[in-house]
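Shown below: query35.tsv, with TSV, N, CA and C atoms.
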```tsv
chain	number	residue	atom	x	y	z
Q	1	MET	N	178.60	86.21	-122.30
Q	1	MET	CA	178.13	87.58	-122.28
Q	1	MET	C	177.71	87.94	-123.70
Q	2	GLN	N	176.54	88.52	-123.85
Q	2	GLN	CA	176.08	88.90	-125.18
Q	2	GLN	C	176.88	90.09	-125.67
Q	3	LEU	N	177.07	90.13	-126.99
Q	3	LEU	CA	177.91	91.14	-127.61
Q	3	LEU	C	177.53	92.56	-127.22
Q	4	ALA	N	176.26	92.94	-127.32
Q	4	ALA	CA	175.84	94.31	-126.99
Q	4	ALA	C	176.09	94.61	-125.51
Q	5	GLY	N	175.84	93.64	-124.64
Q	5	GLY	CA	176.07	93.83	-123.21
Q	5	GLY	C	177.54	94.03	-122.90
Q	6	ALA	N	178.39	93.27	-123.56
Q	6	ALA	CA	179.83	93.40	-123.32
Q	6	ALA	C	180.34	94.75	-123.81
Q	7	GLU	N	179.85	95.20	-124.97
Q	7	GLU	CA	180.27	96.51	-125.47
Q	7	GLU	C	179.82	97.62	-124.52
Q	8	PHE	N	178.61	97.52	-124.00
Q	8	PHE	CA	178.12	98.49	-123.02
Q	8	PHE	C	179.02	98.50	-121.79
Q	9	TRP	N	179.36	97.31	-121.29
Q	9	TRP	CA	180.21	97.19	-120.10
Q	9	TRP	C	181.59	97.78	-120.36
Q	10	LEU	N	182.16	97.55	-121.54
Q	10	LEU	CA	183.46	98.13	-121.86
Q	10	LEU	C	183.41	99.65	-121.83
Q	11	ASP	N	182.34	100.21	-122.38
Q	11	ASP	CA	182.21	101.68	-122.36
Q	11	ASP	C	182.13	102.20	-120.92
Q	12	ARG	N	181.36	101.54	-120.07
Q	12	ARG	CA	181.25	101.98	-118.67
Q	12	ARG	C	182.60	101.83	-117.96
Q	13	ALA	N	183.30	100.73	-118.21
Q	13	ALA	CA	184.60	100.52	-117.57
Q	13	ALA	C	185.59	101.59	-118.00
Q	14	ARG	N	185.59	101.93	-119.29
Q	14	ARG	CA	186.52	102.95	-119.80
Q	14	ARG	C	186.23	104.30	-119.16
Q	15	GLU	N	184.96	104.63	-118.98
Q	15	GLU	CA	184.57	105.90	-118.36
Q	15	GLU	C	184.99	105.97	-116.90
Q	16	GLY	N	184.97	104.84	-116.21
Q	16	GLY	CA	185.24	104.83	-114.78
Q	16	GLY	C	186.68	104.55	-114.40
Q	17	THR	N	187.56	104.37	-115.38
Q	17	THR	CA	188.95	104.01	-115.09
Q	17	THR	C	189.80	105.23	-114.83
Q	18	ASN	N	190.61	105.15	-113.79
Q	18	ASN	CA	191.59	106.18	-113.52
Q	18	ASN	C	192.54	106.25	-114.71
Q	19	PRO	N	192.70	107.41	-115.35
Q	19	PRO	CA	193.54	107.48	-116.54
Q	19	PRO	C	195.01	107.16	-116.26
Q	20	TYR	N	195.40	107.20	-115.01
Q	20	TYR	CA	196.78	106.89	-114.68
Q	20	TYR	C	196.93	105.46	-114.20
Q	21	GLY	N	195.81	104.76	-113.99
Q	21	GLY	CA	195.84	103.36	-113.62
Q	21	GLY	C	196.42	103.12	-112.24
Q	22	PRO	N	196.17	101.94	-111.68
Q	22	PRO	CA	196.76	101.61	-110.39
Q	22	PRO	C	198.24	101.32	-110.54
Q	23	VAL	N	198.96	101.47	-109.47
Q	23	VAL	CA	200.38	101.15	-109.48
Q	23	VAL	C	200.52	99.64	-109.46
Q	24	SER	N	201.31	99.11	-110.37
Q	24	SER	CA	201.54	97.67	-110.40
Q	24	SER	C	203.02	97.38	-110.22
Q	25	GLU	N	203.28	96.26	-109.61
Q	25	GLU	CA	204.66	95.84	-109.40
Q	25	GLU	C	205.17	95.14	-110.66
Q	26	PRO	N	206.38	95.43	-111.09
Q	26	PRO	CA	206.93	94.70	-112.24
Q	26	PRO	C	206.94	93.21	-111.94
Q	27	GLY	N	206.59	92.43	-112.94
Q	27	GLY	CA	206.59	90.98	-112.78
Q	27	GLY	C	205.37	90.43	-112.07
Q	28	SER	N	204.33	91.24	-111.88
Q	28	SER	CA	203.11	90.78	-111.21
Q	28	SER	C	202.44	89.68	-112.03
Q	29	THR	N	201.57	88.94	-111.36
Q	29	THR	CA	200.78	87.89	-112.01
Q	29	THR	C	199.31	88.23	-111.89
Q	30	TYR	N	198.60	88.11	-113.01
Q	30	TYR	CA	197.17	88.38	-113.08
Q	30	TYR	C	196.46	87.13	-113.59
Q	31	HIS	N	195.22	86.95	-113.17
Q	31	HIS	CA	194.46	85.76	-113.56
Q	31	HIS	C	193.27	86.16	-114.40
Q	32	LEU	N	193.21	85.63	-115.63
Q	32	LEU	CA	192.14	85.91	-116.57
Q	32	LEU	C	191.11	84.78	-116.49
Q	33	ASP	N	189.89	85.14	-116.14
Q	33	ASP	CA	188.79	84.17	-116.07
Q	33	ASP	C	188.26	83.94	-117.48
Q	34	GLY	N	188.55	82.80	-118.05
Q	34	GLY	CA	188.19	82.52	-119.43
Q	34	GLY	C	186.89	81.79	-119.64
Q	35	ARG	N	186.12	81.61	-118.58
Q	35	ARG	CA	184.89	80.80	-118.70
Q	35	ARG	C	183.87	81.36	-119.67
Q	36	HIS	N	183.87	82.68	-119.89
Q	36	HIS	CA	182.84	83.30	-120.72
Q	36	HIS	C	183.41	84.05	-121.93
Q	37	LEU	N	184.60	83.68	-122.36
Q	37	LEU	CA	185.25	84.39	-123.46
Q	37	LEU	C	184.81	83.83	-124.80
Q	38	THR	N	183.62	84.25	-125.22
Q	38	THR	CA	183.05	83.74	-126.45
Q	38	THR	C	183.15	84.74	-127.61
Q	39	ASP	N	183.58	85.97	-127.33
Q	39	ASP	CA	183.75	86.97	-128.38
Q	39	ASP	C	184.77	88.00	-127.92
Q	40	ALA	N	185.15	88.89	-128.84
Q	40	ALA	CA	186.18	89.89	-128.54
Q	40	ALA	C	185.81	90.81	-127.37
Q	41	PRO	N	184.59	91.37	-127.32
Q	41	PRO	CA	184.27	92.23	-126.17
Q	41	PRO	C	184.36	91.50	-124.83
Q	42	ALA	N	183.96	90.24	-124.80
Q	42	ALA	CA	184.07	89.47	-123.56
Q	42	ALA	C	185.53	89.32	-123.15
Q	43	PHE	N	186.42	89.11	-124.13
Q	43	PHE	CA	187.85	89.04	-123.83
Q	43	PHE	C	188.33	90.34	-123.21
Q	44	HIS	N	187.95	91.46	-123.80
Q	44	HIS	CA	188.42	92.76	-123.30
Q	44	HIS	C	187.86	93.07	-121.91
Q	45	CYS	N	186.61	92.69	-121.66
Q	45	CYS	CA	186.04	92.85	-120.32
Q	45	CYS	C	186.83	92.03	-119.30
Q	46	ALA	N	187.08	90.77	-119.63
Q	46	ALA	CA	187.79	89.88	-118.71
Q	46	ALA	C	189.23	90.34	-118.50
Q	47	LEU	N	189.88	90.81	-119.55
Q	47	LEU	CA	191.25	91.30	-119.40
Q	47	LEU	C	191.30	92.53	-118.50
Q	48	GLY	N	190.36	93.44	-118.69
Q	48	GLY	CA	190.29	94.63	-117.84
Q	48	GLY	C	190.11	94.27	-116.38
Q	49	GLU	N	189.24	93.31	-116.11
Q	49	GLU	CA	189.00	92.90	-114.72
Q	49	GLU	C	190.19	92.13	-114.16
Q	50	ALA	N	190.86	91.35	-115.00
Q	50	ALA	CA	192.04	90.61	-114.52
Q	50	ALA	C	193.13	91.58	-114.07
Q	51	VAL	N	193.34	92.61	-114.86
Q	51	VAL	CA	194.44	93.54	-114.59
Q	51	VAL	C	194.06	94.62	-113.59
Q	52	ASN	N	192.85	95.15	-113.69
Q	52	ASN	CA	192.48	96.32	-112.88
Q	52	ASN	C	191.32	96.08	-111.92
Q	53	GLY	N	190.93	94.82	-111.72
Q	53	GLY	CA	189.88	94.51	-110.76
Q	53	GLY	C	188.49	94.66	-111.34
Q	54	PRO	N	187.47	94.37	-110.53
Q	54	PRO	CA	186.08	94.42	-111.01
Q	54	PRO	C	185.75	95.77	-111.67
Q	55	GLY	N	185.18	95.69	-112.86
Q	55	GLY	CA	184.84	96.90	-113.59
Q	55	GLY	C	186.04	97.58	-114.22
Q	56	GLY	N	187.20	96.93	-114.18
Q	56	GLY	CA	188.42	97.53	-114.70
Q	56	GLY	C	188.48	97.55	-116.22
Q	57	TYR	N	189.29	98.45	-116.73
Q	57	TYR	CA	189.45	98.63	-118.17
Q	57	TYR	C	190.91	98.42	-118.54
Q	58	PHE	N	191.12	97.71	-119.67
Q	58	PHE	CA	192.48	97.54	-120.20
Q	58	PHE	C	192.40	97.41	-121.71
Q	59	GLY	N	191.60	98.28	-122.33
Q	59	GLY	CA	191.46	98.31	-123.77
Q	59	GLY	C	190.17	97.71	-124.26
Q	60	HIS	N	189.63	98.28	-125.35
Q	60	HIS	CA	188.39	97.78	-125.96
Q	60	HIS	C	188.65	97.12	-127.30
Q	61	ASP	N	189.87	97.22	-127.80
Q	61	ASP	CA	190.32	96.50	-128.99
Q	61	ASP	C	191.84	96.37	-128.85
Q	62	LEU	N	192.48	95.68	-129.79
Q	62	LEU	CA	193.92	95.42	-129.62
Q	62	LEU	C	194.76	96.69	-129.69
Q	63	SER	N	194.32	97.67	-130.44
Q	63	SER	CA	195.04	98.95	-130.48
Q	63	SER	C	195.01	99.61	-129.10
Q	64	ALA	N	193.86	99.59	-128.46
Q	64	ALA	CA	193.74	100.18	-127.12
Q	64	ALA	C	194.50	99.35	-126.09
Q	65	VAL	N	194.52	98.03	-126.23
Q	65	VAL	CA	195.31	97.19	-125.31
Q	65	VAL	C	196.79	97.54	-125.47
Q	66	ALA	N	197.24	97.72	-126.71
Q	66	ALA	CA	198.64	98.10	-126.95
Q	66	ALA	C	198.95	99.42	-126.25
Q	67	ASP	N	198.03	100.38	-126.32
Q	67	ASP	CA	198.22	101.66	-125.61
Q	67	ASP	C	198.33	101.42	-124.11
Q	68	CYS	N	197.45	100.58	-123.56
Q	68	CYS	CA	197.48	100.29	-122.13
Q	68	CYS	C	198.80	99.62	-121.74
Q	69	LEU	N	199.30	98.75	-122.59
Q	69	LEU	CA	200.56	98.06	-122.30
Q	69	LEU	C	201.75	99.01	-122.29
Q	70	ARG	N	201.60	100.17	-122.90
Q	70	ARG	CA	202.68	101.17	-122.88
Q	70	ARG	C	202.67	102.00	-121.60
Q	71	GLY	N	201.64	101.79	-120.75
Q	71	GLY	CA	201.63	102.45	-119.46
Q	71	GLY	C	200.44	103.35	-119.25
Q	72	GLY	N	200.12	103.55	-117.96
Q	72	GLY	CA	199.07	104.46	-117.58
Q	72	GLY	C	197.71	103.85	-117.35
Q	73	CYS	N	197.56	102.55	-117.58
Q	73	CYS	CA	196.25	101.91	-117.41
Q	73	CYS	C	196.33	100.68	-116.53
Q	74	GLY	N	197.33	100.58	-115.72
Q	74	GLY	CA	197.47	99.39	-114.87
Q	74	GLY	C	198.79	98.71	-115.12
Q	75	ALA	N	198.72	97.42	-115.35
Q	75	ALA	CA	199.93	96.61	-115.50
Q	75	ALA	C	200.75	97.04	-116.72
Q	76	GLU	N	202.06	97.02	-116.52
Q	76	GLU	CA	202.99	97.25	-117.62
Q	76	GLU	C	203.91	96.05	-117.72
Q	77	PRO	N	204.24	95.62	-118.93
Q	77	PRO	CA	205.13	94.48	-119.09
Q	77	PRO	C	206.49	94.76	-118.46
Q	78	PRO	N	207.15	93.75	-118.00
Q	78	PRO	CA	206.74	92.35	-118.09
Q	78	PRO	C	205.81	91.97	-116.94
Q	79	PHE	N	204.81	91.16	-117.27
Q	79	PHE	CA	203.96	90.56	-116.25
Q	79	PHE	C	203.44	89.23	-116.78
Q	80	THR	N	202.89	88.43	-115.89
Q	80	THR	CA	202.36	87.13	-116.25
Q	80	THR	C	200.84	87.18	-116.22
Q	81	LEU	N	200.23	86.61	-117.25
Q	81	LEU	CA	198.78	86.49	-117.32
Q	81	LEU	C	198.46	85.00	-117.35
Q	82	VAL	N	197.82	84.52	-116.30
Q	82	VAL	CA	197.40	83.12	-116.24
Q	82	VAL	C	195.99	83.06	-116.80
Q	83	TRP	N	195.85	82.39	-117.94
Q	83	TRP	CA	194.58	82.33	-118.65
Q	83	TRP	C	193.88	81.02	-118.28
Q	84	HIS	N	192.84	81.13	-117.45
Q	84	HIS	CA	192.07	79.97	-117.00
Q	84	HIS	C	190.98	79.64	-118.02
Q	85	ASP	N	190.63	78.36	-118.12
Q	85	ASP	CA	189.56	77.90	-119.02
Q	85	ASP	C	189.75	78.41	-120.44
Q	86	ALA	N	190.96	78.29	-120.93
Q	86	ALA	CA	191.30	78.79	-122.27
Q	86	ALA	C	190.59	78.04	-123.39
Q	87	ASP	N	190.11	76.84	-123.13
Q	87	ASP	CA	189.43	76.08	-124.18
Q	87	ASP	C	188.20	76.80	-124.72
Q	88	VAL	N	187.52	77.56	-123.88
Q	88	VAL	CA	186.34	78.31	-124.33
Q	88	VAL	C	186.78	79.30	-125.41
Q	89	ALA	N	187.80	80.08	-125.13
Q	89	ALA	CA	188.28	81.08	-126.09
Q	89	ALA	C	188.86	80.41	-127.33
Q	90	ARG	N	189.57	79.34	-127.14
Q	90	ARG	CA	190.17	78.63	-128.28
Q	90	ARG	C	189.09	78.21	-129.27
Q	91	THR	N	187.92	77.82	-128.76
Q	91	THR	CA	186.81	77.37	-129.60
Q	91	THR	C	186.02	78.54	-130.19
Q	92	CYS	N	185.81	79.59	-129.42
Q	92	CYS	CA	184.85	80.63	-129.81
Q	92	CYS	C	185.44	81.90	-130.41
Q	93	LEU	N	186.63	82.31	-129.99
Q	93	LEU	CA	187.15	83.59	-130.47
Q	93	LEU	C	187.48	83.55	-131.95
Q	94	GLY	N	187.32	84.69	-132.61
Q	94	GLY	CA	187.62	84.80	-134.02
Q	94	GLY	C	186.45	84.44	-134.92
Q	95	VAL	N	185.29	84.17	-134.32
Q	95	VAL	CA	184.14	83.73	-135.09
Q	95	VAL	C	183.12	84.85	-135.28
Q	96	THR	N	182.70	85.51	-134.22
Q	96	THR	CA	181.65	86.53	-134.28
Q	96	THR	C	182.24	87.87	-134.70
Q	97	PRO	N	181.79	88.44	-135.83
Q	97	PRO	CA	182.30	89.74	-136.27
Q	97	PRO	C	182.14	90.79	-135.17
Q	98	TYR	N	183.11	91.68	-135.07
Q	98	TYR	CA	183.13	92.71	-134.04
Q	98	TYR	C	183.49	94.03	-134.69
Q	99	ARG	N	182.57	94.99	-134.61
Q	99	ARG	CA	182.77	96.33	-135.20
Q	99	ARG	C	183.15	96.22	-136.69
Q	100	ASP	N	182.39	95.39	-137.40
Q	100	ASP	CA	182.56	95.20	-138.84
Q	100	ASP	C	183.94	94.67	-139.24
Q	101	ARG	N	184.59	93.99	-138.33
Q	101	ARG	CA	185.89	93.39	-138.64
Q	101	ARG	C	185.90	91.95	-138.17
Q	102	ARG	N	186.81	91.18	-138.72
Q	102	ARG	CA	187.02	89.84	-138.22
Q	102	ARG	C	187.76	89.97	-136.90
Q	103	PRO	N	187.23	89.40	-135.84
Q	103	PRO	CA	187.90	89.51	-134.54
Q	103	PRO	C	189.11	88.59	-134.47
Q	104	PRO	N	190.03	88.88	-133.56
Q	104	PRO	CA	191.21	88.02	-133.44
Q	104	PRO	C	190.84	86.64	-132.91
Q	105	THR	N	191.59	85.66	-133.38
Q	105	THR	CA	191.44	84.30	-132.87
Q	105	THR	C	192.20	84.17	-131.55
Q	106	PHE	N	192.00	83.08	-130.89
Q	106	PHE	CA	192.73	82.78	-129.65
Q	106	PHE	C	194.23	82.83	-129.90
Q	107	GLU	N	194.68	82.17	-130.97
Q	107	GLU	CA	196.11	82.14	-131.28
Q	107	GLU	C	196.67	83.53	-131.58
Q	108	GLU	N	195.87	84.35	-132.28
Q	108	GLU	CA	196.31	85.71	-132.57
Q	108	GLU	C	196.42	86.55	-131.30
Q	109	LEU	N	195.50	86.34	-130.36
Q	109	LEU	CA	195.59	87.05	-129.08
Q	109	LEU	C	196.83	86.63	-128.31
Q	110	LEU	N	197.11	85.33	-128.29
Q	110	LEU	CA	198.31	84.86	-127.60
Q	110	LEU	C	199.56	85.48	-128.20
Q	111	THR	N	199.64	85.50	-129.52
Q	111	THR	CA	200.79	86.09	-130.20
Q	111	THR	C	200.91	87.57	-129.88
Q	112	PHE	N	199.81	88.29	-129.96
Q	112	PHE	CA	199.81	89.73	-129.66
Q	112	PHE	C	200.31	89.99	-128.24
Q	113	LEU	N	199.77	89.26	-127.27
Q	113	LEU	CA	200.17	89.48	-125.88
Q	113	LEU	C	201.65	89.16	-125.66
Q	114	THR	N	202.11	88.02	-126.17
Q	114	THR	CA	203.51	87.65	-125.95
Q	114	THR	C	204.46	88.60	-126.66
Q	115	GLU	N	204.08	89.05	-127.87
Q	115	GLU	CA	204.94	90.02	-128.58
Q	115	GLU	C	204.99	91.36	-127.86
Q	116	ASN	N	204.05	91.62	-126.98
Q	116	ASN	CA	204.03	92.89	-126.24
Q	116	ASN	C	204.48	92.71	-124.79
Q	117	GLY	N	205.22	91.64	-124.52
Q	117	GLY	CA	205.88	91.49	-123.22
Q	117	GLY	C	205.07	90.79	-122.13
Q	118	VAL	N	203.94	90.18	-122.49
Q	118	VAL	CA	203.12	89.48	-121.49
Q	118	VAL	C	203.44	88.00	-121.57
Q	119	ASP	N	203.78	87.43	-120.43
Q	119	ASP	CA	204.04	85.98	-120.34
Q	119	ASP	C	202.71	85.32	-120.07
Q	120	VAL	N	202.13	84.68	-121.09
Q	120	VAL	CA	200.82	84.06	-120.97
Q	120	VAL	C	201.00	82.59	-120.59
Q	121	ARG	N	200.34	82.20	-119.52
Q	121	ARG	CA	200.35	80.80	-119.08
Q	121	ARG	C	198.93	80.28	-119.19
Q	122	ILE	N	198.75	79.16	-119.83
Q	122	ILE	CA	197.44	78.54	-119.98
Q	122	ILE	C	197.22	77.62	-118.80
Q	123	ALA	N	196.11	77.84	-118.08
Q	123	ALA	CA	195.83	77.03	-116.89
Q	123	ALA	C	194.57	76.20	-117.09
```
What would you get if you wrote out this structure as structure tokens?
Amino acid sequence: MQLAGAEFWLDRAREGTNPYGPVSEPGSTYHLDGRHLTDAPAFHCALGEAVNGPGGYFGHDLSAVADCLRGGCGAEPPFTLVWHDADVARTCLGVTPYRDRRPPTFEELLTFLTENGVDVRIA
């Protein structure tokens, strides 16, 4: 997904998301499609769809993901995130600047998620 397209999609997803999020069961499992995770916006789009379904939102940067993990935007920890095709993200994330900042690497995302109560499984 091209950077500008992913940012546009994140904005639309954020606008269309129920501010209270869907009800999730504690300990639920979500599947992250990693085939196209070549930059930070693509990660956030895929995470939103994994947790909240097509067009779903679950943060546009790590600060917003942290807010979502505290409740009101879908899944709340503890939950499991099965990350499929992680090799794409492992190779590409952390390379393309995002909003004038260095984006997080694959390893930094894994650390962030696990430190915030998400059990990440690489598939």
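Running DSSP on the backbone gives alpha helix (DSSP H) for these residues within segment 62-106 of chain Q: Leu62, Ser63, Ala64, Val65, Ala66, Asp67, Cys68, Leu69, Ala86, Asp87, Val88, Ala89, Arg90, Thr91, Cys92 and Phe106 of chain Q.
Using only N, CA and C atoms, the smallest distance between any of Q:Ala50, Q:Leu109, Q:Cys92, Q:Val65 and Asp33 of chain Q comes from Q:Ala50.
For chain Q, backbone-based DSSP labels the following residues as strand (DSSP E or B): Q:Thr29, Q:Tyr30, Q:His31, Q:Leu32, Q:Asp33, Q:Phe79, Q:Thr80, Q:Leu81, Q:Val82, Q:Trp83, Q:His84, Q:Tyr98, Q:Arg101, Q:Val118, Q:Asp119, Q:Val120, Q:Arg121, Q:Ile122.
Counting only N, CA and C atoms, the residue from Q:Ser24, Q:Asp100, Q:His44, Q:Gly72 that sits nearest to Gly59 of chain Q is Q:His44.
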Practice task
Around the point (204.9, 93.7, -113.7) in the file's coordinates, collect all residues with an atom within 7 Å, using only C-alpha atoms, and return them as a PyMOL selection string.
Solution key: chain Q and resi 24-28+75-79
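What separates atom N of Tyr30 of chain Q from atom N of Val82 of chain Q is a distance of 4.9 Å.
Applying the 5 Å criterion to (189.2, 87.5, -129.7) in file coordinates and using only N, CA and C atoms, one obtains the residues Asp39, Ala40, Leu93, Gly94, Pro103, Pro104 and Thr105 of chain Q.
In this structure, atom CA of Tyr98 of chain Q sits 13.9 Å away from atom N of Asp11 of chain Q.
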Exercise for the section: Give me the residues within 6 Å of His84 of chain Q as a PyMOL selection string, counting only N, CA and C atoms and dropping any in the same chain fewer than 4 places off. Expected result: chain Q and resi 31-35+122-123
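Among the candidates Q:Leu37, Q:Ala6, Q:Leu69, Q:Ala42, the residue lying nearest to Phe112 of chain Q is Q:Leu69 (atoms considered: only C-alpha atoms).
Compared by their closest atoms to Glu49 of chain Q, and using only C-alpha atoms, the residues Q:Ala86, Q:Val120, Q:Gly74, Q:Phe8 rank with Q:Gly74 nearest.
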Completion exercise
Expressed in Å, the length from atom C of Thr38 of chain Q to atom C of Arg90 of chain Q is 9.0 Å
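Minimum atom-to-atom distance to Arg121 of chain Q, evaluated using all atoms listed in the file, belongs to Q:Thr80 out of Q:Ser63, Q:Thr96, Q:Thr80, Q:Asn52.
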